[in-house]
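Taking it in order: structure first as structure tokens, then the write-up.
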Amino acid sequence: MLYDSYFKEILNPETKPERLSWLLSVIMGQKVTVKHQLANDNNRLGDEASLVITDIVVELEDGTIANIEVQKIGYRFAGERASCYMADLLMRQYKRIKTKCKEYNKKFNYKDVPPVYTIVFMESSPLEFKNYPNILMHTFKHKSDSGLTLNMLENCIFIPIDIFMDKLHNEGIDNEFDAWLTFLGCDDINYIGKLIEKYPSFTPMYQDLYDMCLNVEEVMKMFSKELQELDQNTVIYMIDELQDQLDNANATISEKDAQLSQKDATISQKDATISQKDAQLSQKDATISQKDSTIADLQAKIKELEAQISH
């Protein structure tokens with residue numbers, strides 16, 4: 001299900017909107033209905049060497065725009081990218097509403113702009129998510145530190161399917177959310193049987209998957225295309241990872257060089273201090289030698305006087 005062709009066919013918002021509506025309702029925690037699918041912004045998406053396998057943008061019945069992504073490998077800098085993506089999505093929403101107001105000769109008002117959601121399923125989540133092994137859904141939205149409540153429009157939800165799979169093996173399927181993640185991420189026949197037994201509504205979806213798989217030639221074409229794209233994207237991702245490692249190594253070397261330079265400066269300072277003390281000791285030695293010479297002169301004069309007195 002985490003391949004583009006299967007995801008878009010089984011959860012097609014045009015032919016099977018009730019399925020995607022059910023999934024979004026479970027995730028968003030409220031009853032929502034998918035109205036229709038919107039065209040993707042191909043220029044924006046084309047600019048990225050994307051690890052996104054699936055990207056569907058739909059409009060809900062209340063005007064909300066929801067973007068559903070499936071990532072085989074979770075993006076580094078997930079927060080930064082999601083922020084840019086949501087800003088772009090919100091601007092798209094703003095333009096849509098403004099255009100509608102113009103068409104219906106209605107005055108534009110910001111309160112008429114519905115919210116936007118970006119929902120990201122990750123088959124392999126980034127390291128940051130591994131630090132929260134008991135959290136299966138991370139929801140981000142604006143919140144004031146003062147308690148002031150404003151209707152901010154951006155919402156982002158991250159769902160690490162790999163972390164859920166660990167939970168599934170240990171705890172099983174507890175609720176509809178677990179059921180959907182099992183459907184999306186698990187191909188173990190034992191869990192599929194348990195899922196269908198507990199939630200029979202998934203049976204038609206598995207039937208559609210089975211029918212798709214009967215066309216072996218078409219399936220092989222889909223896999224070949226998607227694996228090729230995934231391979232290319234994975235290579236780019238690995239290059240970025242290696243570049244990060246190189247940058248970190250260079251930063252470490254620079255830091256160590258700075259530490260060595262500082263130690264060298266400290267040693268030089270200590271050498272200068274030692275040299276100064278040596279000079280002071282030499283001066284003191286010279287002073288002592290001079291005093292010794294003076295004492296010797298005085299002792300010689302005393303002996304000379306004592307000799308004169310004796311005569």
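Order determines the names: the first chain of the structure tokens is A, the second B, and so forth; residues in each chain are numbered 1 upward, and ligands are numbered 1 upward as they are shown.
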Could you list, as JSON, numbers by chain, every residue within 10 Å of A:Met165, counting only C-alpha atoms and ignoring same-chain residues fewer than 3 positions away? {"A": [123, 136, 160, 161, 162, 168, 169, 170, 171, 172, 178, 181, 182, 185, 186]}
DSSP on the backbone, then: every residue of stretch 74-284 of chain A marked strand (DSSP E), written as a list in words. Val116, Tyr117, Thr118, Ile119, Val120, Phe121, Met122, His138, Thr139, Phe140, Lys141, Glu154, Asn155, Cys156, Ile157, Phe158, Ile159 and Pro160 of chain A
Selection file, all heavy atoms, as a short mmCIF file (atom, residue, chain, number, x, y, z; two decimals), in the first residue's frame:
```
data_model
loop_
_atom_site.label_atom_id
_atom_site.label_comp_id
_atom_site.auth_asym_id
_atom_site.auth_seq_id
_atom_site.Cartn_x
_atom_site.Cartn_y
_atom_site.Cartn_z
N VAL A 116 -5.46 24.23 6.49
CA VAL A 116 -4.78 23.26 5.63
C VAL A 116 -4.10 22.22 6.52
O VAL A 116 -3.63 22.54 7.61
CB VAL A 116 -3.74 23.94 4.71
CG1 VAL A 116 -4.42 24.87 3.73
CG2 VAL A 116 -2.69 24.69 5.52
N TYR A 117 -4.07 21.00 6.03
CA TYR A 117 -3.43 19.89 6.74
C TYR A 117 -2.41 19.22 5.82
O TYR A 117 -2.68 18.99 4.64
CB TYR A 117 -4.45 18.83 7.16
CG TYR A 117 -5.27 19.19 8.38
CD1 TYR A 117 -6.37 20.04 8.28
CD2 TYR A 117 -4.96 18.65 9.62
CE1 TYR A 117 -7.12 20.37 9.40
CE2 TYR A 117 -5.71 18.96 10.75
CZ TYR A 117 -6.78 19.82 10.63
OH TYR A 117 -7.52 20.14 11.74
N THR A 118 -1.26 18.94 6.37
CA THR A 118 -0.29 18.07 5.70
C THR A 118 -0.12 16.83 6.57
O THR A 118 0.25 16.93 7.73
CB THR A 118 1.07 18.78 5.52
OG1 THR A 118 0.92 19.85 4.59
CG2 THR A 118 2.10 17.80 4.98
N ILE A 119 -0.43 15.68 5.99
CA ILE A 119 -0.37 14.40 6.71
C ILE A 119 0.71 13.54 6.05
O ILE A 119 0.61 13.21 4.87
CB ILE A 119 -1.73 13.70 6.68
CG1 ILE A 119 -2.79 14.60 7.34
CG2 ILE A 119 -1.65 12.34 7.37
CD1 ILE A 119 -4.22 14.13 7.14
N VAL A 120 1.74 13.22 6.81
CA VAL A 120 2.90 12.53 6.27
C VAL A 120 3.04 11.14 6.89
O VAL A 120 3.24 11.00 8.10
CB VAL A 120 4.19 13.33 6.54
CG1 VAL A 120 5.39 12.62 5.90
CG2 VAL A 120 4.07 14.76 6.01
N PHE A 121 2.87 10.11 6.05
CA PHE A 121 3.15 8.73 6.47
C PHE A 121 4.61 8.42 6.11
O PHE A 121 5.03 8.65 4.98
CB PHE A 121 2.24 7.74 5.75
CG PHE A 121 0.79 7.87 6.10
CD1 PHE A 121 -0.07 8.59 5.28
CD2 PHE A 121 0.27 7.27 7.23
CE1 PHE A 121 -1.42 8.71 5.59
CE2 PHE A 121 -1.07 7.38 7.56
CZ PHE A 121 -1.92 8.11 6.73
N MET A 122 5.37 7.89 7.07
CA MET A 122 6.77 7.57 6.82
C MET A 122 7.02 6.09 7.04
O MET A 122 6.80 5.58 8.14
CB MET A 122 7.67 8.40 7.75
CG MET A 122 7.59 9.89 7.49
SD MET A 122 8.54 10.86 8.68
CE MET A 122 7.53 10.61 10.15
N HIS A 138 2.33 12.48 15.55
CA HIS A 138 2.82 13.76 16.06
C HIS A 138 2.08 14.88 15.33
O HIS A 138 2.21 15.03 14.11
CB HIS A 138 4.33 13.90 15.80
CG HIS A 138 5.15 12.81 16.44
ND1 HIS A 138 5.75 12.95 17.68
CD2 HIS A 138 5.45 11.55 16.02
CE1 HIS A 138 6.40 11.84 17.97
NE2 HIS A 138 6.23 10.98 16.99
N THR A 139 1.29 15.65 16.08
CA THR A 139 0.49 16.72 15.50
C THR A 139 1.09 18.07 15.87
O THR A 139 1.31 18.36 17.05
CB THR A 139 -0.96 16.66 15.99
OG1 THR A 139 -1.51 15.38 15.65
CG2 THR A 139 -1.80 17.75 15.36
N PHE A 140 1.35 18.89 14.85
CA PHE A 140 1.93 20.21 15.07
C PHE A 140 0.92 21.28 14.64
O PHE A 140 0.35 21.21 13.55
CB PHE A 140 3.22 20.38 14.26
CG PHE A 140 4.35 19.51 14.72
CD1 PHE A 140 4.44 18.19 14.28
CD2 PHE A 140 5.32 19.98 15.57
CE1 PHE A 140 5.48 17.38 14.70
CE2 PHE A 140 6.36 19.19 16.00
CZ PHE A 140 6.45 17.88 15.56
N LYS A 141 0.72 22.26 15.52
CA LYS A 141 -0.12 23.41 15.20
C LYS A 141 0.35 24.59 16.05
O LYS A 141 1.00 24.41 17.07
CB LYS A 141 -1.60 23.12 15.44
CG LYS A 141 -1.94 22.68 16.86
CD LYS A 141 -3.44 22.45 17.01
CE LYS A 141 -3.92 21.33 16.13
NZ LYS A 141 -5.37 21.07 16.29
N GLU A 154 -2.43 26.48 9.84
CA GLU A 154 -1.55 25.38 9.43
C GLU A 154 -1.56 24.24 10.44
O GLU A 154 -1.43 24.46 11.64
CB GLU A 154 -0.11 25.88 9.26
CG GLU A 154 0.05 27.01 8.27
CD GLU A 154 0.14 28.35 8.96
OE1 GLU A 154 -0.57 28.54 9.98
OE2 GLU A 154 0.90 29.21 8.49
N ASN A 155 -1.70 23.02 9.94
CA ASN A 155 -1.66 21.81 10.77
C ASN A 155 -0.81 20.77 10.06
O ASN A 155 -0.97 20.54 8.86
CB ASN A 155 -3.06 21.25 10.99
CG ASN A 155 -4.01 22.25 11.62
OD1 ASN A 155 -4.10 22.35 12.83
ND2 ASN A 155 -4.72 23.01 10.78
N CYS A 156 0.08 20.13 10.81
CA CYS A 156 0.93 19.10 10.21
C CYS A 156 0.93 17.87 11.10
O CYS A 156 1.07 17.98 12.33
CB CYS A 156 2.35 19.62 10.02
SG CYS A 156 3.40 18.49 9.07
N ILE A 157 0.76 16.70 10.49
CA ILE A 157 0.71 15.45 11.23
C ILE A 157 1.72 14.48 10.64
O ILE A 157 1.70 14.21 9.43
CB ILE A 157 -0.71 14.83 11.17
CG1 ILE A 157 -1.74 15.80 11.79
CG2 ILE A 157 -0.74 13.50 11.89
CD1 ILE A 157 -3.18 15.35 11.62
N PHE A 158 2.61 13.96 11.48
CA PHE A 158 3.59 12.96 11.07
C PHE A 158 3.21 11.61 11.67
O PHE A 158 2.95 11.52 12.87
CB PHE A 158 5.00 13.34 11.54
CG PHE A 158 5.56 14.57 10.88
CD1 PHE A 158 5.44 15.80 11.49
CD2 PHE A 158 6.20 14.48 9.66
CE1 PHE A 158 5.97 16.94 10.90
CE2 PHE A 158 6.73 15.60 9.05
CZ PHE A 158 6.62 16.84 9.66
N ILE A 159 3.22 10.57 10.85
CA ILE A 159 2.87 9.22 11.31
C ILE A 159 3.98 8.25 10.92
O ILE A 159 4.12 7.88 9.74
CB ILE A 159 1.53 8.76 10.70
CG1 ILE A 159 0.42 9.76 11.08
CG2 ILE A 159 1.19 7.35 11.16
CD1 ILE A 159 -0.90 9.49 10.42
N PRO A 160 4.82 7.84 11.89
CA PRO A 160 5.93 6.90 11.60
C PRO A 160 5.43 5.46 11.60
O PRO A 160 5.24 4.85 12.67
CB PRO A 160 6.91 7.17 12.75
CG PRO A 160 6.04 7.66 13.88
CD PRO A 160 4.85 8.33 13.28
#
```
Inset, instruction - Mind the document's chain letters and residue numbers, and return as a ChimeraX atom specification the residues of stretch 77-196 of chain A that DSSP labels alpha helix (DSSP H). - result: /A:78-103,127-130,161-171,176-185,189-196
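With only C-alpha atoms as the atoms that count, the minimum distance from A:Trp22 to the choices A:Ala265, A:Glu176, A:Leu305, A:Asp257 is reached by A:Glu176.
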- Item | Residue with smallest distance to A:Gly74 - pool A:Asn109, A:Ser124, A:Gln93, A:Asn134, counting only C-alpha atoms |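 Of all the options, A:Ser124 lies closest to A:Gly74.
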Measuring between only C-alpha atoms, which one of A:Lys8, A:Glu59, A:Asn175, A:Leu260 shows the shortest distance to A:Thr33?
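For A:Thr33, the nearest of the candidates is A:Glu59.
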Next on the checklist: When you look at A:Tyr199 with a cut-off of 10 Å (counting only C-alpha atoms), what residues show up, excluding the ones that are within fewer than 4 positions of it in the same chain? I need them as a list in words.
Outcome noted: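 The residues that qualify are Asn175, Glu176, Ala179, Trp180, Gly193, Lys194, Leu195 and Thr203 of chain A.
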